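Below is run_8.tsv, holding TSV, C-alpha atoms.
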```tsv
chain	number	residue	atom	x	y	z
A	821	MET	CA	-15.51	3.27	84.45
A	822	TYR	CA	-15.81	0.27	82.14
A	823	HIS	CA	-14.90	0.56	78.48
A	824	SER	CA	-15.64	-2.18	76.00
A	825	ALA	CA	-12.77	-3.24	73.77
A	826	VAL	CA	-12.40	-1.46	70.45
A	827	GLN	CA	-11.22	-3.46	67.44
A	828	LEU	CA	-9.22	-1.70	64.74
A	829	GLU	CA	-7.67	-2.88	61.50
A	830	TYR	CA	-5.28	-0.64	59.63
A	831	GLU	CA	-1.93	-0.27	58.00
A	832	ILE	CA	0.33	2.66	58.80
A	833	THR	CA	0.64	4.88	55.74
A	834	LEU	CA	3.68	6.93	54.75
A	835	PRO	CA	2.03	10.26	55.75
A	836	GLU	CA	1.17	8.82	59.17
A	837	PHE	CA	4.70	7.51	59.66
A	838	MET	CA	6.13	10.87	58.55
A	839	GLU	CA	3.86	12.73	60.98
A	840	MET	CA	5.00	10.46	63.83
A	841	ALA	CA	8.66	10.91	62.89
A	842	TRP	CA	8.26	14.69	62.65
A	843	ARG	CA	6.53	14.91	66.04
A	844	ARG	CA	9.16	12.72	67.67
A	845	ARG	CA	12.05	14.68	66.18
A	846	ARG	CA	10.53	18.11	66.75
A	847	SER	CA	10.12	17.43	70.45
A	848	SER	CA	13.87	16.83	70.84
A	849	ILE	CA	15.66	19.70	72.60
A	850	SER	CA	18.83	19.09	70.54
A	851	TRP	CA	16.83	19.55	67.33
A	852	VAL	CA	15.33	22.83	68.59
A	853	VAL	CA	18.76	24.09	69.71
A	854	GLY	CA	20.24	23.09	66.33
A	855	VAL	CA	17.57	24.97	64.37
A	856	VAL	CA	17.96	28.08	66.55
A	857	ALA	CA	21.78	27.94	66.26
A	858	GLY	CA	21.58	27.49	62.48
A	859	ALA	CA	19.13	30.38	62.08
A	860	LEU	CA	21.22	32.67	64.31
A	861	GLY	CA	24.40	31.73	62.43
A	862	PHE	CA	22.74	32.49	59.12
A	863	LEU	CA	21.40	35.84	60.36
A	864	LEU	CA	24.75	36.79	61.91
A	865	GLY	CA	26.54	35.92	58.67
A	866	ALA	CA	24.06	38.00	56.64
A	867	VAL	CA	24.36	41.01	58.97
A	868	LEU	CA	28.16	40.80	59.04
A	869	TYR	CA	28.25	40.53	55.24
A	870	VAL	CA	26.29	43.78	54.98
A	871	CYS	CA	28.54	45.48	57.55
A	872	VAL	CA	31.86	44.11	56.22
A	873	PRO	CA	31.25	43.30	52.53
A	874	ALA	CA	34.91	42.69	51.57
A	875	ASP	CA	35.45	39.94	54.17
A	876	PRO	CA	34.58	36.38	53.00
A	877	TRP	CA	33.99	35.01	56.54
A	878	PRO	CA	30.43	36.30	56.94
A	879	LEU	CA	29.46	34.61	53.67
A	880	LEU	CA	31.05	31.36	54.84
A	881	LEU	CA	29.21	31.58	58.17
A	882	ALA	CA	25.89	32.21	56.41
A	883	GLY	CA	26.56	29.40	53.91
A	884	TYR	CA	27.55	26.82	56.53
A	885	SER	CA	24.60	27.79	58.70
A	886	ALA	CA	22.21	27.44	55.74
A	887	LEU	CA	23.71	24.01	54.99
A	888	PHE	CA	23.33	23.04	58.65
A	889	LEU	CA	19.66	24.11	58.60
A	890	LEU	CA	19.09	22.21	55.37
A	891	ILE	CA	20.58	19.07	56.95
A	892	LEU	CA	18.42	19.46	60.07
A	893	LEU	CA	15.20	20.14	58.19
A	894	VAL	CA	15.48	17.97	55.06
A	895	LEU	CA	17.76	15.02	55.79
A	896	PRO	CA	15.59	13.50	58.57
A	897	SER	CA	12.55	13.51	56.26
A	898	LEU	CA	14.51	11.75	53.54
A	899	THR	CA	15.79	9.23	56.08
A	900	SER	CA	12.29	8.58	57.43
A	901	ARG	CA	10.95	7.97	53.92
A	902	ARG	CA	13.78	5.53	53.30
A	903	ILE	CA	13.07	3.67	56.56
A	904	TYR	CA	9.40	3.36	55.59
A	905	ARG	CA	10.16	2.11	52.06
A	906	ARG	CA	12.73	-0.44	53.27
A	907	ASN	CA	10.60	-1.80	56.12
A	908	ARG	CA	7.12	-2.08	54.62
A	909	ARG	CA	6.31	-5.21	56.66
A	910	LEU	CA	6.59	-3.14	59.87
A	911	PHE	CA	3.74	-0.94	58.68
A	912	ALA	CA	1.56	-3.60	56.99
A	913	THR	CA	-1.99	-4.45	58.01
A	914	ARG	CA	-2.47	-5.09	61.70
A	915	LYS	CA	-5.43	-5.96	63.86
A	916	VAL	CA	-5.43	-4.02	67.10
A	917	THR	CA	-7.61	-4.34	70.17
A	918	VAL	CA	-7.69	-1.43	72.60
A	919	SER	CA	-9.12	-2.46	75.98
A	920	GLU	CA	-9.09	-1.65	79.67
A	921	GLU	CA	-5.96	-3.83	80.04
A	922	GLY	CA	-3.92	-2.32	77.20
A	923	ILE	CA	-3.30	-2.79	73.50
A	924	VAL	CA	-3.04	-6.11	71.68
A	925	ALA	CA	-1.71	-6.07	68.13
A	926	ASP	CA	-1.45	-8.86	65.57
A	927	SER	CA	0.34	-8.52	62.26
A	928	GLN	CA	2.35	-10.69	59.89
A	929	LEU	CA	5.35	-10.02	62.13
A	930	GLY	CA	3.73	-11.45	65.23
A	931	HIS	CA	1.61	-10.84	68.29
A	932	ALA	CA	2.22	-8.08	70.86
A	933	GLU	CA	0.41	-7.31	74.09
A	934	THR	CA	1.26	-4.08	75.86
A	935	THR	CA	-0.36	-3.10	79.15
A	936	TRP	CA	-1.06	0.55	79.85
A	937	ASN	CA	1.71	0.84	82.47
A	938	ASN	CA	4.27	0.28	79.69
A	939	TYR	CA	3.33	3.57	78.05
A	940	VAL	CA	5.10	6.58	79.56
A	941	LYS	CA	3.14	9.29	77.73
A	942	PHE	CA	0.83	9.96	74.81
A	943	ARG	CA	0.32	12.71	72.31
A	944	GLU	CA	-2.76	13.32	70.19
A	945	THR	CA	-2.48	14.99	66.81
A	946	LYS	CA	-5.15	15.81	64.27
A	947	ASN	CA	-4.70	12.38	62.66
A	948	LEU	CA	-3.05	10.13	65.24
A	949	PHE	CA	-2.76	8.90	68.78
A	950	LEU	CA	0.95	8.44	69.56
A	951	LEU	CA	1.65	6.20	72.56
A	952	TYR	CA	5.24	6.33	73.80
A	953	GLN	CA	6.90	3.33	75.45
A	954	SER	CA	10.16	5.29	75.42
A	955	LYS	CA	11.55	8.30	73.59
A	956	ASP	CA	12.11	6.19	70.47
A	957	ILE	CA	9.51	3.42	70.68
A	958	LEU	CA	5.92	4.38	70.05
A	959	ALA	CA	2.65	2.97	68.87
A	960	ILE	CA	0.63	4.73	66.20
A	961	LEU	CA	-3.16	4.57	66.28
A	962	PRO	CA	-4.55	6.38	63.22
A	963	LYS	CA	-7.86	8.08	63.89
A	964	ARG	CA	-9.11	7.05	60.44
A	965	ALA	CA	-9.15	3.41	61.66
A	966	PHE	CA	-12.06	4.04	64.04
A	967	ALA	CA	-15.49	2.96	62.82
A	968	ASN	CA	-17.20	6.05	64.20
A	969	GLN	CA	-16.80	9.11	66.41
A	970	ALA	CA	-18.13	7.26	69.47
A	971	GLU	CA	-15.31	4.68	69.26
A	972	LEU	CA	-12.78	7.46	68.81
A	973	GLU	CA	-14.08	9.29	71.88
A	974	GLN	CA	-14.12	6.06	73.89
A	975	VAL	CA	-10.46	5.33	73.10
A	976	ARG	CA	-9.47	8.96	73.69
A	977	ALA	CA	-11.02	8.82	77.18
A	978	LEU	CA	-9.42	5.44	77.90
A	979	ILE	CA	-5.95	6.59	76.84
A	980	ALA	CA	-6.30	9.80	78.86
A	981	SER	CA	-7.29	7.80	81.95
A	982	LYS	CA	-4.39	5.35	81.62
A	983	VAL	CA	-1.42	7.35	80.23
A	984	ARG	CA	-0.15	10.83	81.02
A	985	PRO	CA	-0.16	13.38	78.18
A	986	ALA	CA	3.12	14.52	76.65
```

I need this file expressed as structure tokens, please.
Amino acid sequence: MYHSAVQLEYEITLPEFMEMAWRRRRSSISWVVGVVAGALGFLLGAVLYVCVPADPWPLLLAGYSALFLLILLVLPSLTSRRIYRRNRRLFATRKVTVSEEGIVADSQLGHAETTWNNYVKFRETKNLFLLYQSKDILAILPKRAFANQAELEQVRALIASKVRPA
């Protein structure tokens, strides 16, 4: 099935970058295990504190677990915001062509051509198409960049035919 090329021009905004970072991080098994371990540690500390109120260890367990959860849930967001602020040129205006062959992107940093076989998976969110070249390297196509719903549907079908879903 032939698809005509779709031309997009956009810059990646902070909310889009944060959504990508959150999706990437949240899909990590170590992050999920960490959150579960932190929550269980906090609950165990709270239960033990109720059962053995004179012992300080349950309070320490609950406190350290709460700190661990805070680090897992808040620190990555702060780090992602810092990365975005310090590397604005990476997210500046780009002209992107999505075609049957792949994706071509031009920005102030250079020219990149990526064929579809270089993408290992994709994920679609409410606002984005995320195309993974590896676990840590992905392309962001914001849905707001499409001129109309027909272009969006065309690219959705093309991506689905070329790359396996996550």

**Q.** Top pick for closest residue to A:Leu972, considering A:Pro878, A:Val918, A:Leu951, A:Leu929 and counting all atoms listed in the file
**A.** A:Val918

Q. Could you tell me, as an MDAnalysis selection string, which residues have any atom at most 10 Å from (3.1, -3.2, 75.2), counting only C-alpha atoms?
A. chainID A and resid 922:925 932:939 951:953 958:959

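Shortest separation to A:Ile960 among A:Leu948, A:Ile849, A:Leu910, A:Ile979 occurs at residue A:Leu948, atoms counted being only C-alpha atoms.
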
Q: Between A:Ser981, A:Ser848, A:Ser954, A:Gln827, single out the one closest to A:Val940, counting only C-alpha atoms.
A: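 Nearest to A:Val940: A:Ser954.
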
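The list of residues with at least one atom within 6 Å of A:Arg943, based on only C-alpha atoms and without residues fewer than 2 positions apart in the same chain, reads Leu950, Pro985 and Ala986 of chain A.
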
Q | Among listed residues A:Ala859, A:Leu961, A:Ile903, A:Cys871, nearest A:Arg976 (using all atoms listed in the file) | A |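 Closest to A:Arg976, using all atoms listed in the file: A:Leu961.
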
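Take the candidates A:Lys963, A:Pro896, A:Ser824, A:Val983 and check each one against A:Glu836 using only C-alpha atoms; the shortest distance goes to A:Lys963.
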
Q. From the list A:Ala841, A:Val826, A:Val975, A:Ile832, which residue is nearest A:Leu898 when using only C-alpha atoms?
A. A:Ala841

Q: Identify, on the basis of all atoms listed in the file, every residue whose closest approach to A:Leu860 does not exceed 10 Å; exclude the query and any residue fewer than 6 positions from it along the same chain; express the result as JSON, numbers by chain.
A: {"A": [854, 866, 882, 885]}

Q: Kindly give the distance, in Å, that separates atom CA of A:Ser919 and atom CA of A:Tyr904, rounded to a single decimal.
A: 28.2 Å

Q | Ref. answer, residues at most 10 Å from (0.2, -1.8, 54.4) with all atoms listed in the file, as a list in words | A | Tyr830, Glu831, Ile832, Thr833, Leu834, Arg908, Arg909, Leu910, Phe911, Ala912, Thr913 and Arg914 of chain A

**Q.** Test item: residues at most 10 Å from A:Thr945, only C-alpha atoms, excluding those fewer than 6 positions along its chain, as JSON, numbers by chain
**A.** {"A": [839, 840, 843, 962, 963]}

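Between atom CA of A:Leu868 and atom CA of A:Leu895 there is a distance of 28.0 Å.
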
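Interatomic distance, atom CA of A:Gln969 against atom CA of A:Ile957: 27.3 Å.
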